[in-house]
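Shown next: work09.txt, given as compact mmCIF, C-alpha atoms.
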```
# COMPACT_ATOMS: atom_id res chain seq x y z
CA MET A 1 0.00 0.00 0.00
CA SER A 2 1.52 3.33 -1.06
CA VAL A 3 1.37 6.58 0.86
CA PHE A 4 -1.15 7.81 -1.72
CA ASP A 5 -3.47 4.90 -0.94
CA SER A 6 -3.40 5.82 2.75
CA LEU A 7 -4.27 9.44 1.95
CA GLN A 8 -7.15 8.54 -0.35
CA PRO A 9 -9.80 8.04 2.38
CA GLN A 10 -8.99 11.51 3.77
CA GLN A 11 -9.26 13.03 0.30
CA ASP A 12 -12.57 11.23 -0.33
CA ARG A 13 -13.96 12.53 2.95
CA ARG A 14 -12.94 16.11 2.09
CA ASP A 15 -14.55 15.82 -1.33
CA ASN A 16 -17.79 14.61 0.26
CA LEU A 17 -18.03 17.51 2.70
CA PRO A 18 -20.90 19.89 1.98
CA GLU A 19 -20.17 23.34 0.55
CA ARG A 20 -20.49 25.84 3.36
CA THR A 21 -21.53 29.47 3.07
CA MET A 22 -21.96 32.45 5.39
CA ALA A 23 -25.60 31.50 5.90
CA ASP A 24 -24.38 28.24 7.48
CA VAL A 25 -21.97 30.18 9.69
CA LEU A 26 -24.88 32.24 11.04
CA ALA A 27 -26.63 29.04 12.11
CA LEU A 28 -23.65 27.75 14.13
CA PRO A 29 -23.64 27.74 17.94
CA GLU A 30 -22.07 30.82 19.52
CA ASP A 31 -18.64 29.29 20.33
CA LEU A 32 -18.14 27.91 16.81
CA HIS A 33 -19.51 31.09 15.22
CA THR A 34 -16.95 33.15 17.17
CA ILE A 35 -14.09 31.02 15.86
CA MET A 36 -15.37 31.31 12.29
CA ASP A 37 -15.62 35.11 12.53
CA TYR A 38 -12.05 35.24 13.80
CA LEU A 39 -10.67 32.94 11.10
CA ILE A 40 -12.47 34.82 8.31
CA GLU A 41 -10.98 38.10 9.53
CA GLN A 42 -7.48 36.71 10.08
CA GLY A 43 -7.18 34.60 6.94
CA GLU A 44 -5.36 31.81 8.76
CA SER A 45 -4.37 31.26 12.39
CA GLU A 46 -2.51 28.83 14.58
CA LEU A 47 -4.16 26.91 17.42
CA ALA A 48 -2.60 29.14 20.10
CA GLU A 49 -3.93 32.29 18.41
CA VAL A 50 -7.46 30.92 18.15
CA ALA A 51 -7.30 29.76 21.79
CA ALA A 52 -6.14 33.23 22.91
CA HIS A 53 -8.94 34.88 20.95
CA ILE A 54 -11.73 32.78 22.46
CA GLY A 55 -10.13 32.64 25.91
CA GLN A 56 -10.00 28.86 26.18
CA ASP A 57 -7.15 26.38 26.59
CA GLU A 58 -5.64 24.71 23.56
CA THR A 59 -7.22 21.30 24.24
CA SER A 60 -10.75 22.71 24.29
CA THR A 61 -10.00 24.91 21.28
CA ARG A 62 -8.63 21.96 19.32
CA ALA A 63 -11.89 20.08 20.01
CA LEU A 64 -13.95 23.00 18.69
CA LEU A 65 -11.75 23.29 15.60
CA SER A 66 -12.06 19.54 15.00
CA ASP A 67 -15.81 19.92 15.15
CA LEU A 68 -15.63 22.69 12.53
CA ILE A 69 -13.37 20.54 10.33
CA GLU A 70 -15.80 17.59 10.61
CA LYS A 71 -18.70 19.85 9.61
CA GLY A 72 -16.75 21.15 6.60
CA PHE A 73 -16.27 24.76 7.75
CA VAL A 74 -12.52 24.73 8.41
CA GLN A 75 -9.44 23.10 6.95
CA GLU A 76 -6.07 22.52 8.55
CA ILE A 77 -3.18 23.62 6.36
CA LEU A 78 0.58 23.64 6.54
CA ALA A 79 1.86 27.21 6.10
CA GLY A 80 5.64 26.84 5.93
CA THR A 81 6.42 24.86 9.05
CA LYS A 82 3.31 26.01 10.93
CA HIS A 83 0.01 24.16 11.20
CA CYS A 84 -2.73 26.71 10.60
CA TYR A 85 -6.49 26.76 10.39
CA ARG A 86 -8.32 28.41 7.53
CA VAL A 87 -12.00 28.66 6.66
CA ARG A 88 -13.47 26.53 3.92
CA LEU A 89 -16.34 28.62 2.56
CA VAL A 90 -17.85 29.34 -0.83
CA SER A 91 -19.65 32.55 -1.69
CA ARG A 92 -22.76 30.58 -2.63
CA ARG A 93 -23.81 27.02 -3.30
CA ARG A 94 -23.48 25.89 -6.89
CA ILE A 95 -26.67 26.10 -8.89
CA ARG A 96 -27.64 24.38 -12.11
CA LEU A 97 -27.67 26.92 -14.90
CA PRO A 98 -27.41 25.96 -18.57
CA LEU A 99 -23.77 26.26 -19.66
CA ASP A 100 -24.74 28.31 -22.71
CA LEU A 101 -26.43 30.98 -20.61
CA MET B 1 -4.46 50.99 10.13
CA SER B 2 -7.07 50.74 7.40
CA THR B 3 -10.83 50.68 7.67
CA ILE B 4 -13.16 48.47 5.65
CA VAL B 5 -16.50 50.12 4.93
CA SER B 6 -19.44 48.27 3.34
CA ILE B 7 -22.28 50.21 1.80
CA HIS B 8 -25.41 48.14 1.66
CA SER B 9 -29.14 48.40 1.12
CA TYR B 10 -31.98 45.95 1.47
CA ARG B 11 -33.51 46.94 -1.86
CA GLY B 12 -32.08 48.07 -5.17
CA GLY B 13 -32.26 51.62 -6.49
CA THR B 14 -31.42 53.30 -3.19
CA GLY B 15 -28.42 55.17 -4.63
CA LYS B 16 -25.83 52.87 -3.10
CA SER B 17 -23.23 53.03 -5.88
CA ASN B 18 -23.60 56.80 -6.21
CA LEU B 19 -23.12 57.21 -2.47
CA ILE B 20 -20.06 54.95 -2.34
CA ALA B 21 -18.35 56.69 -5.28
CA ASN B 22 -19.00 60.15 -3.86
CA LEU B 23 -18.05 59.18 -0.31
CA ALA B 24 -14.80 57.63 -1.47
CA SER B 25 -14.06 60.72 -3.57
CA SER B 26 -14.63 62.96 -0.59
CA LEU B 27 -12.05 61.03 1.44
CA VAL B 28 -9.52 61.06 -1.41
CA GLN B 29 -9.94 64.84 -1.62
CA GLN B 30 -8.84 64.91 2.03
CA GLY B 31 -5.61 63.16 1.04
CA LYS B 32 -6.68 59.62 1.95
CA ARG B 33 -5.77 56.47 0.04
CA VAL B 34 -8.99 54.72 -0.91
CA ALA B 35 -10.04 51.70 -2.97
CA VAL B 36 -13.58 50.73 -3.94
CA VAL B 37 -14.37 47.13 -4.83
CA ASP B 38 -17.51 46.38 -6.81
CA THR B 39 -18.50 43.20 -4.98
CA ASP B 40 -21.95 43.43 -6.55
CA ILE B 41 -20.78 40.79 -9.01
CA GLN B 42 -24.33 39.88 -10.02
CA SER B 43 -25.27 43.39 -11.13
CA PRO B 44 -22.13 45.54 -11.34
CA GLY B 45 -22.40 49.22 -12.24
CA LEU B 46 -19.85 51.19 -10.25
CA HIS B 47 -17.49 51.46 -13.25
CA VAL B 48 -20.11 53.58 -15.06
CA LEU B 49 -19.66 56.42 -12.57
CA PHE B 50 -15.98 56.53 -13.50
CA GLY B 51 -16.65 56.61 -17.24
CA MET B 52 -15.25 53.14 -17.88
CA ASP B 53 -16.46 51.65 -21.14
CA PRO B 54 -17.44 47.99 -20.57
CA GLN B 55 -16.09 47.08 -24.01
CA GLN B 56 -12.71 48.62 -23.21
CA MET B 57 -12.55 47.36 -19.63
CA GLY B 58 -9.53 45.14 -19.02
CA LEU B 59 -9.08 42.91 -16.00
CA THR B 60 -11.80 42.78 -13.36
CA LEU B 61 -12.53 41.27 -9.95
CA ASN B 62 -13.87 38.21 -11.79
CA ASP B 63 -10.47 37.63 -13.39
CA TYR B 64 -8.87 37.68 -9.93
CA LEU B 65 -11.47 35.33 -8.42
CA TYR B 66 -10.95 32.79 -11.20
CA GLY B 67 -7.15 32.91 -11.00
CA ARG B 68 -6.45 34.88 -14.17
CA CYS B 69 -4.62 37.80 -12.51
CA SER B 70 -3.56 39.29 -9.20
CA ILE B 71 -5.96 41.62 -7.40
CA GLU B 72 -3.58 44.55 -7.98
CA GLN B 73 -3.78 43.93 -11.72
CA ALA B 74 -7.57 44.33 -11.55
CA ALA B 75 -7.24 47.69 -9.76
CA TYR B 76 -7.51 50.90 -11.80
CA ASN B 77 -6.02 54.14 -10.53
CA VAL B 78 -8.88 56.62 -11.03
CA THR B 79 -7.39 59.48 -9.00
CA SER B 80 -7.16 61.70 -12.09
CA LYS B 81 -10.98 61.53 -12.42
CA LEU B 82 -11.15 63.84 -9.39
CA GLY B 83 -9.29 66.65 -11.16
CA PRO B 84 -6.06 68.41 -10.25
CA ASP B 85 -6.90 69.33 -6.65
CA VAL B 86 -6.28 65.98 -4.94
CA PRO B 87 -3.84 66.61 -2.08
CA ALA B 88 -0.45 64.91 -2.16
CA GLY B 89 -0.73 61.32 -0.98
CA GLY B 90 -4.38 60.99 -1.93
CA ALA B 91 -5.10 58.04 -4.23
CA PHE B 92 -8.22 56.40 -5.58
CA TYR B 93 -8.41 52.84 -6.93
CA LEU B 94 -11.40 51.07 -8.44
CA ILE B 95 -11.71 47.31 -8.73
CA PRO B 96 -14.65 46.79 -11.11
CA SER B 97 -16.64 43.63 -11.70
CA SER B 98 -17.17 42.26 -15.16
CA ILE B 99 -20.26 43.29 -17.08
CA LYS B 100 -19.95 40.33 -19.49
CA ALA B 101 -22.96 38.01 -19.35
CA SER B 102 -20.76 34.91 -19.36
CA GLU B 103 -18.79 36.15 -16.34
CA ILE B 104 -21.92 37.05 -14.37
CA THR B 105 -23.56 33.69 -15.05
CA ARG B 106 -20.34 31.91 -14.06
CA VAL B 107 -20.49 33.56 -10.64
CA LEU B 108 -24.16 32.62 -10.35
CA ARG B 109 -23.38 29.05 -11.36
CA GLU B 110 -20.15 28.39 -9.48
CA GLY B 111 -19.72 31.07 -6.83
CA TYR B 112 -16.12 31.63 -5.70
CA GLU B 113 -13.90 30.78 -2.78
CA VAL B 114 -14.40 33.15 0.11
CA ASN B 115 -10.73 32.88 1.12
CA LEU B 116 -9.73 34.30 -2.26
CA LEU B 117 -11.87 37.39 -1.79
CA THR B 118 -10.70 38.04 1.78
CA ASP B 119 -7.05 37.43 0.82
CA GLY B 120 -7.58 39.88 -2.04
CA PHE B 121 -8.87 42.58 0.30
CA ARG B 122 -5.88 42.13 2.59
CA GLN B 123 -3.53 42.27 -0.40
CA LEU B 124 -5.14 45.48 -1.71
CA ILE B 125 -4.80 47.16 1.69
CA LYS B 126 -1.14 46.19 1.87
CA ALA B 127 -0.13 46.84 -1.75
CA PHE B 128 -1.77 50.27 -2.02
CA ARG B 129 -1.27 51.26 1.66
CA LEU B 130 -4.99 52.00 1.92
CA ASP B 131 -6.65 54.13 4.56
CA TYR B 132 -10.08 52.92 3.44
CA LEU B 133 -11.40 49.95 1.51
CA PHE B 134 -15.01 50.41 0.39
CA LEU B 135 -17.19 47.47 -0.64
CA ASP B 136 -20.20 48.01 -2.89
CA THR B 137 -22.55 45.09 -2.23
CA HIS B 138 -25.45 43.41 -3.96
CA PRO B 139 -28.76 44.60 -2.45
CA GLY B 140 -30.77 42.35 -0.17
CA LEU B 141 -29.70 39.68 2.24
CA ASN B 142 -27.62 36.97 0.65
CA GLU B 143 -24.56 34.94 1.48
CA GLU B 144 -22.13 37.39 -0.13
CA THR B 145 -23.67 40.30 1.76
CA LEU B 146 -23.24 38.48 5.07
CA LEU B 147 -19.54 38.11 4.30
CA SER B 148 -19.14 41.81 3.48
CA ILE B 149 -20.86 42.77 6.72
CA LEU B 150 -18.66 40.44 8.74
CA LEU B 151 -15.48 41.81 7.20
CA SER B 152 -16.44 45.45 7.69
CA ASP B 153 -15.33 47.82 10.40
CA THR B 154 -18.23 50.07 9.43
CA LEU B 155 -21.49 49.18 7.73
CA VAL B 156 -23.40 52.01 6.08
CA LEU B 157 -27.00 51.02 5.41
CA ILE B 158 -28.78 53.20 2.90
CA LEU B 159 -32.56 53.41 2.65
CA ARG B 160 -35.24 55.60 1.15
CA PRO B 161 -38.21 57.03 3.02
CA ASP B 162 -40.36 54.12 1.87
CA GLN B 163 -42.25 51.48 3.85
CA GLN B 164 -40.60 48.57 2.00
CA ASP B 165 -37.16 50.01 2.71
CA PHE B 166 -38.05 50.61 6.37
CA GLN B 167 -39.11 47.00 6.92
CA GLY B 168 -36.21 45.50 4.96
CA THR B 169 -33.69 47.66 6.77
CA ALA B 170 -35.01 46.41 10.11
CA VAL B 171 -34.25 42.83 9.03
CA THR B 172 -30.81 43.80 7.78
CA VAL B 173 -29.98 45.58 11.04
CA GLU B 174 -31.07 42.50 12.99
CA VAL B 175 -28.84 40.18 10.94
CA ALA B 176 -25.92 42.62 11.02
CA ARG B 177 -26.09 42.70 14.81
CA LYS B 178 -25.97 38.89 14.88
CA LEU B 179 -22.68 39.19 12.99
CA LYS B 180 -21.33 41.34 15.83
CA LEU B 181 -21.08 44.39 13.64
CA LYS B 182 -18.49 46.86 14.85
CA LYS B 183 -20.09 50.11 13.68
CA LEU B 184 -23.41 50.80 11.97
CA LEU B 185 -24.39 54.07 10.29
CA LEU B 186 -27.68 54.75 8.51
CA VAL B 187 -28.20 57.05 5.55
CA VAL B 188 -31.62 58.05 4.27
CA ASN B 189 -31.46 58.97 0.58
CA LYS B 190 -33.87 60.46 -1.96
CA VAL B 191 -35.77 62.45 0.64
CA LEU B 192 -38.16 65.13 -0.58
CA PRO B 193 -36.58 68.52 0.25
CA LYS B 194 -39.88 69.76 1.75
CA LEU B 195 -39.66 67.17 4.57
CA ASP B 196 -38.30 68.06 8.00
CA PHE B 197 -34.86 66.36 7.83
CA GLU B 198 -34.13 66.69 11.53
CA SER B 199 -37.42 65.10 12.52
CA LEU B 200 -36.91 62.25 10.04
CA LYS B 201 -33.43 61.68 11.42
CA GLN B 202 -34.77 61.39 14.98
CA GLN B 203 -37.48 58.95 13.90
CA VAL B 204 -35.07 56.70 12.02
CA GLN B 205 -32.53 56.73 14.85
CA GLU B 206 -35.21 55.76 17.37
CA ALA B 207 -36.62 53.02 15.11
CA TYR B 208 -33.28 51.26 14.53
CA HIS B 209 -31.31 52.33 17.63
CA ALA B 210 -28.50 53.36 15.35
CA PRO B 211 -27.01 56.73 14.35
CA VAL B 212 -28.14 58.39 11.15
CA ALA B 213 -25.04 59.73 9.40
CA GLY B 214 -26.95 61.73 6.83
CA ILE B 215 -30.25 62.57 5.19
CA LEU B 216 -29.76 63.19 1.48
CA PRO B 217 -32.27 64.97 -0.73
CA VAL B 218 -33.71 63.65 -3.96
CA SER B 219 -32.47 65.90 -6.73
CA GLU B 220 -33.30 66.59 -10.34
CA GLU B 221 -29.64 67.21 -11.07
CA MET B 222 -28.78 63.67 -9.91
CA ILE B 223 -31.45 62.18 -12.18
CA GLU B 224 -30.22 64.33 -15.06
CA LEU B 225 -26.62 63.23 -14.50
CA GLY B 226 -27.79 59.61 -14.79
CA SER B 227 -24.59 58.07 -13.36
CA ALA B 228 -22.49 59.81 -16.02
CA GLY B 229 -19.97 61.07 -13.47
CA LEU B 230 -19.40 61.93 -9.84
CA PHE B 231 -22.15 64.20 -8.62
CA SER B 232 -20.17 65.88 -5.86
CA LEU B 233 -17.50 66.95 -8.37
CA LYS B 234 -20.01 68.51 -10.71
CA TYR B 235 -22.17 70.05 -7.98
CA PRO B 236 -19.86 70.54 -4.98
CA GLU B 237 -22.16 72.97 -3.17
CA HIS B 238 -25.37 70.97 -3.70
CA PRO B 239 -27.04 69.80 -0.43
CA PHE B 240 -26.40 66.19 -1.56
CA SER B 241 -22.66 66.86 -1.83
CA GLN B 242 -22.63 68.64 1.52
CA GLY B 243 -24.44 65.66 3.04
CA VAL B 244 -21.88 63.26 1.55
CA ARG B 245 -19.04 65.26 3.14
CA GLU B 246 -20.79 65.05 6.52
CA ILE B 247 -21.18 61.27 6.16
CA ALA B 248 -17.50 60.98 5.18
CA ALA B 249 -16.59 62.91 8.32
CA GLN B 250 -18.60 60.47 10.43
CA ILE B 251 -16.92 57.49 8.79
CA SER B 252 -13.53 59.08 9.54
CA SER B 253 -14.52 59.75 13.13
CA THR B 254 -15.40 56.09 13.66
CA VAL B 255 -11.81 55.02 12.98
```

Write the structure described by the file as structure tokens, please.
Amino acid sequence: MSVFDSLQPQQDRRDNLPERTMADVLALPEDLHTIMDYLIEQGESELAEVAAHIGQDETSTRALLSDLIEKGFVQEILAGTKHCYRVRLVSRRRIRLPLDL
Amino acid sequence: MSTIVSIHSYRGGTGKSNLIANLASSLVQQGKRVAVVDTDIQSPGLHVLFGMDPQQMGLTLNDYLYGRCSIEQAAYNVTSKLGPDVPAGGAFYLIPSSIKASEITRVLREGYEVNLLTDGFRQLIKAFRLDYLFLDTHPGLNEETLLSILLSDTLVLILRPDQQDFQGTAVTVEVARKLKLKKLLLVVNKVLPKLDFESLKQQVQEAYHAPVAGILPVSEEMIELGSAGLFSLKYPEHPFSQGVREIAAQISSTV
């Protein structure tokens, strides 16, 4: 089994996540909504920065961020050597319009 | 430190694009560095006020959002449109949206990545050392509007003295407050000059529990101009232009 095979399930899961928009953010519980607002404004942030912003310890913050990742709102990225969190939002959900329109 | 200002209205035809262009001009004439982004990608029109011919228009916000150029490449320096009296340091950039049907339908069909837009705003602020970034939004409540409100330091909501506008603005204010809006200013536009402006201002402030930054009169000159230029440049002493300067002062004072 190659390294690519082991990554495939993760990729499949990401591809199956729903597209999220700002309307979905509004419907989130307060603690998750606060994190989303912060990440949208910051662009990308490390765990310690998010924890400092919401005033919680890193373990609790990591759990909240994991919840957002599971729901398809946030992605974890590698920025240089740092692990950062970044929102995963689209401006609107895709709609079916004829291609020749 | 730069300030992001969104100008929004619940309904179309409130004079949003005219207000944003004239407000931005007023700040540039005070020596500020300002950019205006036409984020009304579904029905763009801001470029018309700057005399940009859609057939001649080069790169746009759409090109940036679909990876065809950098955001700086889609920015046009329109400072010269304000004439020779712009103080040293003042600069005015416009980032138009495409008026091509195929580009508009692509946005409707596919949307775009929110991260790209927010990264673009940050890049514009940095590259052009902006004091103010203005966002012209699509009217009504939609997902793109919610994003603009969230990103803004100041939201200016524009409405007409009209029952539909009054009700819609109430909904918009409610949603904006859910997004933990930092600063909200209201502007009532197209008001009949015979009305008591001060009384109207008090009523609107009490109804929405928010400050009214200006009451602007409906004017024949504005209708005659028909978006063919910046009103406050052509009629600097008109009550509309004076009102715009007062609103600009209130935006500055919120920094």

TODO: With a distance threshold of 12 Å and counting all atoms listed in the file, extract the residues of chain A near chain B and express them as an MDAnalysis selection string.
DONE: chainID A and resid 19:30 33:34 36:44 73:75 85:101

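The gap separating atom CA of Gly51 of chain B from atom CA of His8 of chain B is 22.5 Å, in Å to one decimal.
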
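Selection around (-16.0, 54.7, -16.7) with radius 10 Å, counting all atoms listed in the file, yields the residues Gly45, Leu46, His47, Val48, Leu49, Phe50, Gly51, Met52, Asp53, Pro54, Gln56, Met57, Val78, Lys81, Pro96, Ser227, Ala228 and Gly229 of chain B.
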
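Considering all atoms listed in the file, the residue among B:Arg177, B:Lys32, B:Lys183, B:Lys190 positioned nearest to Leu130 of chain B is B:Lys32.
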
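Between atom CA of Val204 of chain B and atom CA of His238 of chain B there is a distance of 23.3 Å.
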
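Atom CA of Leu32 of chain A lies 7.2 Å from atom CA of Leu68 of chain A.
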
Legend entry - Radius query 9 Å about (-10.9, 59.6, -3.7), atoms used: only C-alpha atoms, as an MDAnalysis selection string: chainID B and resid 21:35 78:79 81:82 86 90:93

Where atoms are absent from segment 33-53 of chain A, fill them in so it carries N, CA and C atoms, then output it as a compact mmCIF listing (two decimals), in the frame of the given file.
```txt
# COMPACT_ATOMS: atom_id res chain seq x y z
N HIS A 33 -19.32 29.86 16.02
CA HIS A 33 -19.51 31.09 15.22
C HIS A 33 -18.38 32.08 15.51
N THR A 34 -18.02 32.21 16.78
CA THR A 34 -16.95 33.15 17.17
C THR A 34 -15.63 32.77 16.52
N ILE A 35 -15.34 31.48 16.50
CA ILE A 35 -14.09 31.02 15.86
C ILE A 35 -14.12 31.31 14.36
N MET A 36 -15.26 31.06 13.73
CA MET A 36 -15.37 31.31 12.29
C MET A 36 -15.16 32.79 11.97
N ASP A 37 -15.79 33.66 12.75
CA ASP A 37 -15.62 35.11 12.53
C ASP A 37 -14.14 35.48 12.60
N TYR A 38 -13.47 34.93 13.60
CA TYR A 38 -12.05 35.24 13.80
C TYR A 38 -11.21 34.74 12.62
N LEU A 39 -11.46 33.51 12.20
CA LEU A 39 -10.67 32.94 11.10
C LEU A 39 -10.93 33.66 9.78
N ILE A 40 -12.16 34.08 9.55
CA ILE A 40 -12.47 34.82 8.31
C ILE A 40 -11.69 36.14 8.31
N GLU A 41 -11.67 36.81 9.45
CA GLU A 41 -10.98 38.10 9.53
C GLU A 41 -9.46 37.94 9.42
N GLN A 42 -8.94 36.88 10.02
CA GLN A 42 -7.48 36.71 10.08
C GLN A 42 -6.90 36.07 8.82
N GLY A 43 -7.71 35.34 8.09
CA GLY A 43 -7.18 34.60 6.94
C GLY A 43 -6.79 33.21 7.38
N GLU A 44 -5.72 33.11 8.17
CA GLU A 44 -5.36 31.81 8.76
C GLU A 44 -4.71 32.05 10.12
N SER A 45 -4.89 31.09 11.03
CA SER A 45 -4.37 31.26 12.39
C SER A 45 -3.92 29.93 12.95
N GLU A 46 -2.97 30.03 13.88
CA GLU A 46 -2.51 28.83 14.58
C GLU A 46 -3.42 28.56 15.77
N LEU A 47 -3.32 27.34 16.29
CA LEU A 47 -4.16 26.91 17.42
C LEU A 47 -4.05 27.89 18.59
N ALA A 48 -2.80 28.27 18.93
CA ALA A 48 -2.60 29.14 20.10
C ALA A 48 -3.29 30.49 19.91
N GLU A 49 -3.29 30.99 18.67
CA GLU A 49 -3.93 32.29 18.41
C GLU A 49 -5.44 32.19 18.55
N VAL A 50 -6.01 31.11 18.04
CA VAL A 50 -7.46 30.92 18.15
C VAL A 50 -7.83 30.78 19.64
N ALA A 51 -7.03 29.99 20.36
CA ALA A 51 -7.30 29.76 21.79
C ALA A 51 -7.26 31.09 22.55
N ALA A 52 -6.26 31.93 22.23
CA ALA A 52 -6.14 33.23 22.91
C ALA A 52 -7.35 34.10 22.59
N HIS A 53 -7.81 34.03 21.36
CA HIS A 53 -8.94 34.88 20.95
C HIS A 53 -10.22 34.48 21.69
```
